[in-house]
Each structure stands twice: as structure tokens, then as C-alpha cells.
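K.L.:
Structure supplied as input_12.tsv; contents: TSV, C-alpha atoms.
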```tsv
chain	number	residue	atom	x	y	z
A	37	MET	CA	3.62	122.39	-13.84
A	38	SER	CA	5.92	124.73	-11.95
A	39	SER	CA	6.42	128.36	-12.92
A	40	ALA	CA	10.02	127.64	-13.91
A	41	ASN	CA	8.69	125.48	-16.73
A	42	LYS	CA	6.28	127.88	-18.41
A	43	GLY	CA	6.98	130.67	-20.84
A	44	LEU	CA	4.72	133.05	-22.75
A	45	VAL	CA	5.38	134.79	-26.06
A	46	VAL	CA	3.03	137.43	-27.51
A	47	ILE	CA	3.60	138.32	-31.18
A	48	SER	CA	1.76	141.02	-33.12
A	49	GLY	CA	1.63	140.76	-36.89
A	50	ALA	CA	2.18	137.00	-36.67
A	51	SER	CA	0.22	136.01	-39.77
A	52	ARG	CA	3.03	136.50	-42.29
A	53	GLY	CA	6.52	137.80	-42.99
A	54	ILE	CA	8.84	138.56	-40.11
A	55	GLY	CA	6.23	137.97	-37.39
A	56	ARG	CA	5.50	134.46	-38.64
A	57	ALA	CA	9.21	133.73	-39.07
A	58	ILE	CA	9.92	134.76	-35.47
A	59	ALA	CA	7.13	132.50	-34.19
A	60	LEU	CA	8.64	129.56	-36.09
A	61	ALA	CA	12.17	130.37	-34.91
A	62	LEU	CA	11.03	130.50	-31.30
A	63	ALA	CA	9.28	127.14	-31.68
A	64	ASP	CA	12.43	125.66	-33.21
A	65	ALA	CA	14.53	127.00	-30.33
A	66	ALA	CA	12.09	125.66	-27.75
A	67	CYS	CA	12.17	122.20	-29.31
A	68	VAL	CA	15.97	122.14	-29.57
A	69	ASN	CA	16.47	123.44	-26.02
A	70	HIS	CA	13.71	121.36	-24.48
A	71	ASP	CA	16.09	119.51	-22.13
A	72	LYS	CA	18.71	122.25	-21.82
A	73	SER	CA	16.83	125.44	-20.96
A	74	SER	CA	16.70	126.83	-17.45
A	75	SER	CA	14.58	129.34	-15.60
A	76	SER	CA	17.08	132.03	-16.65
A	77	SER	CA	16.34	131.51	-20.36
A	78	ILE	CA	13.65	133.37	-22.27
A	79	ILE	CA	12.86	129.98	-23.86
A	80	SER	CA	11.43	128.00	-20.94
A	81	SER	CA	12.17	124.32	-20.76
A	82	GLN	CA	8.83	122.56	-20.57
A	83	HIS	CA	6.03	124.62	-22.07
A	84	LEU	CA	6.11	127.64	-24.39
A	85	HIS	CA	2.77	129.25	-25.17
A	86	LEU	CA	2.59	131.52	-28.22
A	87	VAL	CA	-0.15	134.14	-28.43
A	88	LEU	CA	-0.45	135.30	-32.04
A	89	MET	CA	-2.17	138.51	-33.15
A	90	ALA	CA	-3.08	139.67	-36.66
A	91	ARG	CA	-5.96	140.90	-38.79
A	92	SER	CA	-6.35	137.70	-40.84
A	93	ALA	CA	-7.76	134.64	-39.06
A	94	SER	CA	-6.96	132.37	-41.99
A	95	SER	CA	-3.33	133.51	-42.14
A	96	LEU	CA	-2.99	133.07	-38.38
A	97	GLN	CA	-4.26	129.53	-38.81
A	98	GLU	CA	-1.58	128.95	-41.45
A	99	THR	CA	1.05	130.08	-38.95
A	100	THR	CA	-0.42	127.75	-36.32
A	101	ASP	CA	-0.36	124.81	-38.75
A	102	MET	CA	3.28	125.53	-39.57
A	103	LEU	CA	4.13	125.68	-35.86
A	104	GLN	CA	2.46	122.34	-35.28
A	105	GLN	CA	4.41	120.76	-38.14
A	106	ARG	CA	7.69	122.15	-36.78
A	107	CYS	CA	7.01	120.78	-33.31
A	108	GLU	CA	5.99	117.37	-34.61
A	109	LYS	CA	9.12	117.24	-36.74
A	110	GLY	CA	11.22	118.15	-33.72
A	111	GLY	CA	9.58	115.43	-31.64
A	112	SER	CA	8.28	117.87	-29.05
A	113	THR	CA	4.85	118.84	-27.80
A	114	ILE	CA	5.95	121.76	-25.63
A	115	VAL	CA	4.68	124.56	-27.91
A	116	THR	CA	1.03	125.60	-27.81
A	117	THR	CA	-0.70	128.52	-29.50
A	118	THR	CA	-3.65	130.85	-29.14
A	119	CYS	CA	-4.72	133.11	-32.00
A	120	HIS	CA	-6.44	136.48	-31.73
A	121	GLU	CA	-7.91	138.07	-34.85
A	122	MET	CA	-7.84	141.83	-34.32
A	123	ASP	CA	-7.24	145.11	-36.13
A	124	LEU	CA	-4.66	147.04	-34.13
A	125	ALA	CA	-5.53	150.19	-36.09
A	126	ASP	CA	-8.98	150.13	-34.46
A	127	ILE	CA	-8.08	152.28	-31.45
A	128	ASP	CA	-11.60	152.20	-30.02
A	129	SER	CA	-11.39	148.41	-29.65
A	130	LEU	CA	-7.71	148.30	-28.68
A	131	PRO	CA	-8.10	148.35	-24.85
A	132	GLN	CA	-10.61	145.51	-24.93
A	133	ASN	CA	-8.55	143.46	-27.39
A	134	VAL	CA	-5.31	143.88	-25.47
A	135	ASN	CA	-6.96	143.19	-22.11
A	136	LYS	CA	-8.35	139.96	-23.53
A	137	ILE	CA	-4.78	138.81	-24.14
A	138	LEU	CA	-3.10	140.12	-21.00
A	139	GLU	CA	-5.72	139.61	-18.27
A	140	PRO	CA	-5.08	135.82	-18.04
A	141	LEU	CA	-1.47	136.60	-17.04
A	142	ALA	CA	-2.63	137.32	-13.49
A	143	ASP	CA	-3.78	133.72	-13.09
A	144	GLU	CA	-0.75	132.04	-14.69
A	145	ASN	CA	2.65	131.40	-13.12
A	146	TYR	CA	4.89	132.13	-16.06
A	147	ASN	CA	8.62	132.16	-15.48
A	148	SER	CA	9.27	134.23	-18.60
A	149	CYS	CA	7.24	136.51	-20.86
A	150	LEU	CA	8.36	137.86	-24.22
A	151	LEU	CA	6.62	140.45	-26.40
A	152	ILE	CA	7.49	140.71	-30.08
A	153	ASN	CA	5.99	144.08	-31.04
A	154	ASN	CA	6.07	143.64	-34.79
A	155	ALA	CA	2.85	144.80	-36.47
A	156	GLY	CA	3.11	147.85	-38.69
A	157	SER	CA	2.42	149.25	-42.14
A	158	LEU	CA	4.09	151.54	-44.67
A	159	GLY	CA	1.41	154.17	-44.75
A	160	PRO	CA	1.30	156.73	-47.57
A	161	LEU	CA	4.45	157.09	-49.67
A	162	GLY	CA	5.62	160.29	-51.35
A	163	ASN	CA	7.20	163.59	-50.45
A	164	ALA	CA	5.92	165.03	-47.18
A	165	THR	CA	4.41	167.98	-49.05
A	166	ALA	CA	2.59	165.63	-51.40
A	167	ILE	CA	1.06	163.10	-48.99
A	168	CYS	CA	-0.85	165.86	-47.17
A	169	GLY	CA	-3.02	166.19	-50.31
A	170	ASP	CA	-4.44	169.27	-51.99
A	171	GLU	CA	-7.35	171.44	-50.90
A	172	GLU	CA	-9.94	168.91	-52.08
A	173	SER	CA	-8.25	165.79	-50.72
A	174	SER	CA	-6.63	167.09	-47.54
A	175	ALA	CA	-9.37	165.71	-45.27
A	176	ALA	CA	-9.01	162.22	-46.70
A	177	SER	CA	-5.21	162.49	-46.49
A	178	LEU	CA	-5.41	163.49	-42.84
A	179	ARG	CA	-7.60	160.49	-42.06
A	180	ARG	CA	-5.01	158.24	-43.68
A	181	TRP	CA	-2.25	159.90	-41.65
A	182	LYS	CA	-4.26	159.28	-38.47
A	183	ASP	CA	-4.92	155.64	-39.39
A	184	THR	CA	-1.21	155.10	-40.06
A	185	ILE	CA	-0.17	156.73	-36.78
A	186	ASP	CA	-2.82	154.81	-34.85
A	187	PHE	CA	-1.53	151.52	-36.23
A	188	ASN	CA	2.22	152.13	-36.27
A	189	ILE	CA	2.59	154.22	-33.12
A	190	THR	CA	-0.42	154.40	-30.81
A	191	SER	CA	-1.30	150.70	-30.77
A	192	SER	CA	2.34	149.60	-30.62
A	193	LEU	CA	3.17	151.83	-27.65
A	194	TRP	CA	-0.05	150.90	-25.87
A	195	ILE	CA	0.64	147.17	-26.21
A	196	SER	CA	4.17	147.45	-24.81
A	197	SER	CA	3.01	149.65	-21.95
A	198	LYS	CA	0.19	147.29	-20.97
A	199	PHE	CA	2.46	144.26	-21.38
A	200	ALA	CA	5.08	145.76	-19.05
A	201	LYS	CA	2.40	146.48	-16.45
A	202	ALA	CA	0.76	143.05	-16.73
A	203	THR	CA	4.11	141.23	-16.34
A	204	SER	CA	5.37	143.15	-13.32
A	205	HIS	CA	5.22	139.94	-11.26
A	206	VAL	CA	7.03	137.75	-13.82
A	207	PRO	CA	10.67	136.85	-13.03
A	208	LEU	CA	11.97	137.34	-16.58
A	209	VAL	CA	10.46	139.76	-19.13
A	210	ARG	CA	11.75	140.81	-22.55
A	211	VAL	CA	10.15	143.30	-24.95
A	212	VAL	CA	11.32	143.40	-28.57
A	213	ASN	CA	10.28	146.31	-30.75
A	214	ILE	CA	10.74	145.40	-34.40
A	215	SER	CA	12.50	148.52	-35.60
A	216	SER	CA	14.15	149.55	-38.86
A	217	LEU	CA	17.05	151.51	-40.27
A	218	CYS	CA	14.28	154.03	-40.97
A	219	ALA	CA	14.17	154.74	-37.23
A	220	ILE	CA	17.60	156.36	-37.32
A	221	ASP	CA	18.09	157.39	-40.99
A	222	PRO	CA	15.73	159.62	-43.00
A	223	PHE	CA	14.44	157.86	-46.12
A	224	PRO	CA	12.94	160.26	-48.69
A	225	THR	CA	9.24	159.62	-49.49
A	226	MET	CA	8.90	157.40	-46.38
A	227	SER	CA	8.40	160.18	-43.83
A	228	LEU	CA	5.44	158.70	-41.94
A	229	TYR	CA	7.01	155.26	-41.80
A	230	CYS	CA	10.31	156.70	-40.56
A	231	ALA	CA	8.51	158.86	-38.00
A	232	GLY	CA	6.62	155.82	-36.73
A	233	LYS	CA	9.75	153.72	-36.35
A	234	ALA	CA	11.63	156.56	-34.65
A	235	ALA	CA	8.77	157.13	-32.21
A	236	ARG	CA	8.62	153.43	-31.35
A	237	ASP	CA	12.39	153.28	-30.77
A	238	MET	CA	12.35	156.26	-28.43
A	239	PHE	CA	9.34	155.04	-26.48
A	240	HIS	CA	10.90	151.63	-25.95
A	241	SER	CA	14.24	153.17	-24.97
A	242	VAL	CA	12.44	155.26	-22.36
A	243	LEU	CA	10.54	152.19	-21.18
A	244	ALA	CA	13.86	150.39	-20.76
A	245	LYS	CA	15.27	153.22	-18.66
A	246	GLU	CA	12.15	153.41	-16.51
A	247	GLN	CA	12.31	149.67	-15.81
A	248	THR	CA	16.03	149.64	-14.97
A	249	PRO	CA	16.62	149.61	-11.20
A	250	PRO	CA	18.28	152.77	-9.85
A	251	GLN	CA	21.91	152.80	-8.79
A	252	ILE	CA	22.98	153.41	-5.21
A	253	ASP	CA	24.79	156.74	-4.76
A	254	GLY	CA	27.67	156.16	-7.13
A	255	GLU	CA	28.43	152.64	-5.94
A	256	GLY	CA	27.07	151.08	-9.10
A	257	THR	CA	25.02	148.50	-7.25
A	258	ALA	CA	21.30	148.03	-7.67
A	259	PRO	CA	19.08	147.69	-4.61
A	260	SER	CA	19.04	144.16	-3.22
A	261	THR	CA	15.27	143.96	-3.71
A	262	SER	CA	15.60	144.41	-7.49
A	263	ASN	CA	17.00	142.33	-10.27
A	264	PRO	CA	18.37	144.56	-13.06
A	265	ALA	CA	18.06	141.73	-15.58
A	266	ARG	CA	14.39	141.02	-14.87
A	267	PHE	CA	13.09	143.41	-17.54
A	268	LYS	CA	14.93	144.28	-20.76
A	269	VAL	CA	13.97	145.96	-24.02
A	270	LEU	CA	15.48	145.52	-27.47
A	271	ASN	CA	14.91	147.65	-30.57
A	272	TYR	CA	15.75	145.19	-33.35
A	273	ALA	CA	16.07	146.23	-37.00
A	274	PRO	CA	15.68	143.04	-39.06
A	275	GLY	CA	17.35	144.33	-42.23
A	276	ALA	CA	15.72	144.75	-45.63
A	277	CYS	CA	13.78	141.49	-45.73
A	278	ASN	CA	12.20	139.64	-48.61
A	279	THR	CA	8.57	140.22	-47.65
A	280	GLU	CA	5.35	141.52	-49.18
A	281	MET	CA	6.34	145.00	-47.97
A	282	THR	CA	9.58	145.03	-49.96
A	283	ASP	CA	7.72	143.54	-52.94
A	284	PHE	CA	5.48	146.59	-52.84
A	285	LEU	CA	8.39	149.01	-52.44
A	286	ALA	CA	10.24	147.44	-55.35
A	287	GLY	CA	7.33	148.28	-57.65
A	288	SER	CA	6.13	151.56	-56.16
A	289	ALA	CA	6.08	154.64	-58.37
A	290	ASP	CA	5.62	156.81	-55.26
A	291	LEU	CA	8.91	155.76	-53.68
A	292	ASP	CA	12.12	157.76	-54.05
A	293	ASN	CA	13.86	156.64	-57.27
A	294	GLU	CA	17.07	155.54	-55.57
A	295	LEU	CA	15.19	153.59	-52.92
A	296	GLN	CA	12.93	151.96	-55.48
A	297	HIS	CA	15.99	150.94	-57.50
A	298	PHE	CA	17.62	149.50	-54.38
A	299	PHE	CA	14.64	147.35	-53.48
A	300	PHE	CA	14.07	146.26	-57.09
A	301	THR	CA	17.68	145.26	-57.76
A	302	SER	CA	18.16	143.70	-54.30
A	303	LYS	CA	15.12	141.52	-54.81
A	304	ASP	CA	16.10	140.67	-58.39
A	305	LYS	CA	19.60	139.61	-57.28
A	306	GLY	CA	18.39	137.73	-54.22
A	307	GLN	CA	20.17	140.11	-51.84
A	308	LEU	CA	17.28	140.78	-49.46
A	309	VAL	CA	17.43	139.13	-46.05
A	310	ARG	CA	15.33	136.00	-45.68
A	311	PRO	CA	12.75	136.35	-42.87
A	312	ASP	CA	13.84	132.99	-41.46
A	313	ASP	CA	17.45	134.21	-41.24
A	314	THR	CA	16.70	137.43	-39.38
A	315	ALA	CA	14.26	135.61	-37.08
A	316	SER	CA	16.85	132.96	-36.19
A	317	LYS	CA	19.46	135.62	-35.52
A	318	LEU	CA	17.06	137.54	-33.25
A	319	VAL	CA	16.15	134.45	-31.24
A	320	SER	CA	19.80	133.50	-30.77
A	321	PHE	CA	20.56	137.07	-29.68
A	322	LEU	CA	17.73	136.97	-27.15
A	323	MET	CA	18.83	133.64	-25.73
A	324	LYS	CA	22.37	134.95	-25.16
A	325	ASP	CA	20.79	137.92	-23.36
A	326	GLU	CA	24.00	139.97	-23.36
A	327	PHE	CA	22.55	143.22	-24.73
A	328	GLU	CA	22.06	146.48	-22.89
A	329	SER	CA	18.40	147.21	-22.33
A	330	GLY	CA	16.98	149.86	-24.67
A	331	ILE	CA	19.60	149.66	-27.41
A	332	HIS	CA	18.98	149.66	-31.16
A	333	VAL	CA	20.56	146.66	-32.89
A	334	ASP	CA	20.62	145.94	-36.62
A	335	TYR	CA	20.63	142.50	-38.26
A	336	TRP	CA	24.02	143.27	-39.77
A	337	ASP	CA	25.51	144.16	-36.38
A	338	VAL	CA	24.58	140.95	-34.59
```
Using C-alpha cells, write down the structure from this file.
P.N.:
Amino acid sequence: MSSANKGLVVISGASRGIGRAIALALADAACVNHDKSSSSSIISSQHLHLVLMARSASSLQETTDMLQQRCEKGGSTIVTTTCHEMDLADIDSLPQNVNKILEPLADENYNSCLLINNAGSLGPLGNATAICGDEESSAASLRRWKDTIDFNITSSLWISSKFAKATSHVPLVRVVNISSLCAIDPFPTMSLYCAGKAARDMFHSVLAKEQTPPQIDGEGTAPSTSNPARFKVLNYAPGACNTEMTDFLAGSADLDNELQHFFFTSKDKGQLVRPDDTASKLVSFLMKDEFESGIHVDYWDV
């Protein structure tokens, strides 16, 4: 199989919610565009391989089973999967776990590679002065802060950095950081979550700038040896989705009262975004490929 017919997608947090929905949406797009895709599409025409990461092996298997059903229903066998059970909050094991996924890239001739950097957690909720704990609990609180930052920031940034390096030879590379409105607006009692999303957005924006070919002395033309569209980054905020996370927020006594009321009433009235809807919109947006690398885009803006 030629390189123009092979694509790779790596998805973290693929065992449920938005991560699973994106995997299914990509499989749907691959099946639909089986005969129409070209080497310039992030959805390659002949074979799309999905690498799924999450902490739960059983939930990853559920995602794989759903992918298989979708592909059989679509009459296509072009989508294959590999699952990796791993805890991205375990920083000591992170290099080994990520290398296990990315090292095979050197031996494969992929035409396109896509990273969906999705995994994350809420972390402790409450006012910033409360979640640091009191004199007796401050040590335990600090450990929880560290665990949250390791999962939401350190592992996420490390994965994108290693992915960019491992795909330097690939003709078409896209990195999607699953962001949030929390990355640009301060949400009371969600300080660590907001800080994590903001840090991820900035890192990925910097990564986009670093990977954009330089301009030639005011002429606005990239060097002939570079392709400015080879590598692009998108910070995508999926909207307030109907997931286990928003279920928790809707019932949390630690959340700001106005926010808790918003999530509770939005869920009760069926106003939260369906994961399948935001995933489909993201995939369509990626396939059009008309965005500026490094930008922050919200579900409601697409």
C-alpha cells in the first residue's frame, strides 16, 4: 500500500465522551470518503489506523467494538484500531508509554497523521483559597494539585511535542488540542481546570508558530523547500457537552452556584451539546482545512 493511502490518528481519552465520539466521527468520515479522499485530506483514502489511549481497557474495547460496527454498517474495512491502556497522570511511565505509540511511525509510510489531544480531568473544585487546604491537609491538597497538573498539562504538552517530532517526515500533520471556553474565560471555583486549559492553548499556539515556515524578507512567500500547510494546530473548544463531566458539575456542591445552576438546567432542558454533534463538526472543520494554525475555535463559531 502506498503512503498516499495510509493515515494515522492518535486519540487520548478515547474510552468515553468526546474522545470516543471523535473516533467514531473519524471512522464515519473515512467510510463515506473512501473513494473520494486524496493525499491532501487528513482522512486518507484507503486505510485509516486509529490508536486509542485511555486508562480503562474495557472501555477502550467498547469504543473498538463501536468502531467495528460503524465500519461494517458503512460497508468498509479501511479502519483499523490499536488500543493502549495507560494512565497519562503517571509521569514516570509517560516517556515509555508515549514512545511505545510513536516509535513505529519511523517504519511506516503514513501520508497523514492526526493527534486528538483530548484527555483531561476537572481536578479539585472550589475557591482557589479553599482548594489549597488548611494546615493539616495542605500536603494532601498539594499532591492533588500536582496530580491534576501532571495529567492536564504535563502529559498533554509532552504528547504533542513528541508527536510533532515523530511526524517530522510525514507530508500532512494536524494536532488538535481539545480546549474549552475555560481557556479564555475565568470560571469561579474551576481555577485549576481553567489554568490547565489556558496552558494547553498557549503551548499549542506556540507549537503552531514554531512549525510555521518563516517568511522571506517581507515578500510573504515561504521558502520553496517548505510547505506551510504541512503542519497545523487547532485549539478546539467543543462546547458544554452532555458527558459524565457535566453530569458531575451539575450536581457538585463545590461548584460556583451560577455555574452549577447553568449545568443543571442545561442538562435538564436538553440544551447541552451532544458529543456526536461536536465531534462531527470538528471532523468536517478539519477536512475543510481552512483554519489558521494555532487559533482557538469554539463549537458555536464553526
K.L.:
Work out how far apart CA of Val242 (chain A) and CA of Gly330 (chain A) are and give it in Å to one decimal.
P.N.:
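Going from CA of Val242 (chain A) over to CA of Gly330 (chain A) covers 7.4 Å.
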K.L.:
Looking at A:Arg56, A:Gly232, A:Leu44, A:Asn213, which one is nearest to Ser95 (chain A), with distances taken over only C-alpha atoms?
P.N.:
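So, comparing all the options, the nearest one is A:Arg56.
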K.L.:
Neighbouring residues of Lys317 (chain A) were defined as those with any atom within 12 Å, considering all atoms listed in the file; residues of the same chain fewer than 5 positions away were excluded. Please report them as a PyMOL selection string.
P.N.:
chain A and resi 54+57-58+61-62+65+272-275+309-312+322-324+333-338
K.L.:
Provide the CA of Thr184 (chain A) to CA of Leu124 (chain A) distance in Å, to one decimal place.
P.N.:
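Interatomic distance here is 10.6 Å.
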K.L.:
Can you work out which one of A:Thr225, A:Ser204, A:Gln247, A:Thr116 has the shortest atom-to-atom distance to Ser288 (chain A), counting only C-alpha atoms?
P.N.:
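Result for the nearest residue to Ser288 (chain A): A:Thr225.
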